[in-house]
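Novice: I have a structure I would like to understand better, so I am pasting it below and will then ask my questions one at a time.
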Amino acid sequence: MPHLLAADKDGRIFSLPRLTGAGMEAGHFFRLDAHDLIRLPSGSQVFMLPDRRPAGYDPKTENFVIKDGCFAVGAFITPGFTVTSSSAYRESSRPRMLPLFSYAACALYKDEVYVAALRIDKELRHDPRFID
């Protein structure tokens, strides 16, 4: 099961193994399944989303929960990939604006970070090793 990722106030990322990672489309949450995910592409970054509390799925209660005391995380994916669902969160009452990035849903799966994305172009020009 893909575990929910969250961050503390210092941006340190950790997993919440009792909750399944979630994605968000049009403001609605859904559980992330392994078939929704790929391993985090090389050169991608995972980071904290300030003023946003993470949403995860609790398999015991069969409900989505919003975790207090931590922050949602999202992944910025390298070129050649496209995000298939956004990070799942609820904003605080006055959230700071975020830069215009794609914030892919991500989870800990098989002890690695996986993201909701697809590879759309295999050209070497998209390999981060060749991008200044």
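A note on labels: chains of the structure tokens are A, B, ... as shown, every chain counts residues from 1, and ligands are counted from 1 in their shown order.
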Applying 7 Å and only C-alpha atoms, which residues near stretch 103-114 of chain A remain after dropping the ones on its own chain fewer than 3 positions away? List them as JSON, numbers by chain.

Specialist: {"A": [1, 2, 3, 4, 5, 15, 21, 22, 23, 37, 38, 39, 40, 74, 75, 76, 83, 85, 86, 87, 88]}

Novice: Among chain A, which residues carry a DSSP assignment of helix (DSSP H, G or I), reported as a ChimeraX atom specification?

Specialist: /A:34-36,124-126,128-130

Novice: From the list A:Leu19, A:Val73, A:Ile66, A:Leu49, which residue is nearest A:Leu32 when using only C-alpha atoms?

Specialist: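 Between A:Leu19, A:Val73, A:Ile66, A:Leu49, the residue approaching A:Leu32 most closely is A:Leu19.
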
Novice: Any idea what's packed within 7 Å of stretch 89-100 of chain A, counting only C-alpha atoms, ignoring anything in its chain fewer than 5 positions away? Could you give it as a list of chain:residue names?

Specialist: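 Here the answer would be A:Asp51, A:Arg52, A:Arg53, A:Pro54, A:Ala55, A:Ala72.
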
Novice: Next, dump the selected residues to file, keeping only all heavy atoms, as a PDB file, in the first residue's frame.

Specialist:
```
ATOM      1  N   ASP A  51       0.931  25.865   4.471  1.00  0.00           N
ATOM      2  CA  ASP A  51      -0.473  26.234   4.688  1.00  0.00           C
ATOM      3  C   ASP A  51      -1.456  25.233   4.090  1.00  0.00           C
ATOM      4  O   ASP A  51      -2.605  25.565   3.822  1.00  0.00           O
ATOM      5  CB  ASP A  51      -0.771  27.632   4.142  1.00  0.00           C
ATOM      6  CG  ASP A  51       0.119  28.689   4.747  1.00  0.00           C
ATOM      7  OD1 ASP A  51       0.446  28.571   5.941  1.00  0.00           O
ATOM      8  OD2 ASP A  51       0.502  29.626   4.013  1.00  0.00           O
ATOM      9  N   ARG A  52      -1.003  24.015   3.888  1.00  0.00           N
ATOM     10  CA  ARG A  52      -1.851  22.961   3.332  1.00  0.00           C
ATOM     11  C   ARG A  52      -1.673  21.691   4.154  1.00  0.00           C
ATOM     12  O   ARG A  52      -0.563  21.205   4.304  1.00  0.00           O
ATOM     13  CB  ARG A  52      -1.496  22.723   1.867  1.00  0.00           C
ATOM     14  CG  ARG A  52      -1.986  23.871   0.992  1.00  0.00           C
ATOM     15  CD  ARG A  52      -1.052  24.184  -0.138  1.00  0.00           C
ATOM     16  NE  ARG A  52      -1.544  25.297  -0.927  1.00  0.00           N
ATOM     17  CZ  ARG A  52      -1.220  26.565  -0.682  1.00  0.00           C
ATOM     18  NH1 ARG A  52      -0.412  26.875   0.300  1.00  0.00           N
ATOM     19  NH2 ARG A  52      -1.722  27.532  -1.425  1.00  0.00           N
ATOM     20  N   ARG A  53      -2.784  21.171   4.680  1.00  0.00           N
ATOM     21  CA  ARG A  53      -2.740  19.955   5.495  1.00  0.00           C
ATOM     22  C   ARG A  53      -2.985  18.740   4.607  1.00  0.00           C
ATOM     23  O   ARG A  53      -3.892  18.756   3.775  1.00  0.00           O
ATOM     24  CB  ARG A  53      -3.790  20.024   6.596  1.00  0.00           C
ATOM     25  CG  ARG A  53      -3.512  21.158   7.589  1.00  0.00           C
ATOM     26  CD  ARG A  53      -4.650  21.350   8.553  1.00  0.00           C
ATOM     27  NE  ARG A  53      -5.847  21.661   7.759  1.00  0.00           N
ATOM     28  CZ  ARG A  53      -7.093  21.509   8.170  1.00  0.00           C
ATOM     29  NH1 ARG A  53      -7.341  21.055   9.367  1.00  0.00           N
ATOM     30  NH2 ARG A  53      -8.105  21.810   7.393  1.00  0.00           N
ATOM     31  N   PRO A  54      -2.187  17.685   4.779  1.00  0.00           N
ATOM     32  CA  PRO A  54      -2.310  16.524   3.890  1.00  0.00           C
ATOM     33  C   PRO A  54      -3.589  15.728   4.132  1.00  0.00           C
ATOM     34  O   PRO A  54      -4.073  15.619   5.260  1.00  0.00           O
ATOM     35  CB  PRO A  54      -1.080  15.686   4.243  1.00  0.00           C
ATOM     36  CG  PRO A  54      -0.748  16.061   5.649  1.00  0.00           C
ATOM     37  CD  PRO A  54      -1.134  17.511   5.786  1.00  0.00           C
ATOM     38  N   ALA A  55      -4.101  15.185   3.042  1.00  0.00           N
ATOM     39  CA  ALA A  55      -5.254  14.282   3.103  1.00  0.00           C
ATOM     40  C   ALA A  55      -4.766  12.884   2.778  1.00  0.00           C
ATOM     41  O   ALA A  55      -3.975  12.686   1.851  1.00  0.00           O
ATOM     42  CB  ALA A  55      -6.317  14.714   2.113  1.00  0.00           C
ATOM     43  N   ALA A  72       1.193  19.134   3.758  1.00  0.00           N
ATOM     44  CA  ALA A  72       1.147  18.308   2.559  1.00  0.00           C
ATOM     45  C   ALA A  72       2.466  18.433   1.809  1.00  0.00           C
ATOM     46  O   ALA A  72       3.207  19.400   1.987  1.00  0.00           O
ATOM     47  CB  ALA A  72      -0.014  18.742   1.669  1.00  0.00           C
TER      48      ALA A  72
END
```

Novice: Please return, as a PyMOL selection string, all residues of stretch 3-35 of chain A that DSSP assigns to strand (DSSP E or B) on the basis of the backbone.

Specialist: chain A and resi 3-7+13-20+22-25+28-31

Novice: Pick the closest to A:Met24 from A:Phe81, A:Phe71, A:Phe101, A:Tyr57: which is it, counting only C-alpha atoms?

Specialist: A:Tyr57

Novice: I'd like the interatomic distance between atom CA of A:Met48 and atom CA of A:Val65, to a tenth of an Å.

Specialist: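 Between atom CA of A:Met48 and atom CA of A:Val65 the gap works out to 18.3 Å.
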
Novice: Taking only C-alpha atoms into account, which of A:Thr84, A:Gly69, A:Leu124, A:Asp58 comes nearest A:Glu25?

Specialist: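 The shortest atom-to-atom distance to A:Glu25 comes from A:Thr84.
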
Novice: For the atom pair atom CA of A:Ala7 and atom CA of A:Phe47, what is the interatomic distance in Å to one decimal place?

Specialist: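 Taking atom CA of A:Ala7 as the start and atom CA of A:Phe47 as the end point, the length is 7.9 Å.
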
Novice: Determine the nearest neighbour of A:Gln45 from the options A:Phe14, A:Ser102, A:Asp33, A:Phe64, counting only C-alpha atoms.

Specialist: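 Smallest separation from A:Gln45 among the options: A:Ser102.
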
Novice: Kindly give the distance, in Å, that separates atom CA of A:Ala116 and atom CA of A:Ile77, rounded to a single decimal.

Specialist: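 Going from atom CA of A:Ala116 over to atom CA of A:Ile77 covers 9.8 Å.
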
Novice: Which residue out of A:Arg31, A:Arg129, A:Arg12, A:Lys122 has the minimum interatomic distance to A:Cys70 when only C-alpha atoms are used?

Specialist: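 Of A:Arg31, A:Arg129, A:Arg12, A:Lys122, the one nearest A:Cys70 is A:Arg12, counting only C-alpha atoms.
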
Novice: May I ask which of the residues A:Lys67, A:Pro59, A:Gly43, A:Asp36 is the closest one to A:Leu118, counting only C-alpha atoms?

Specialist: A:Asp36
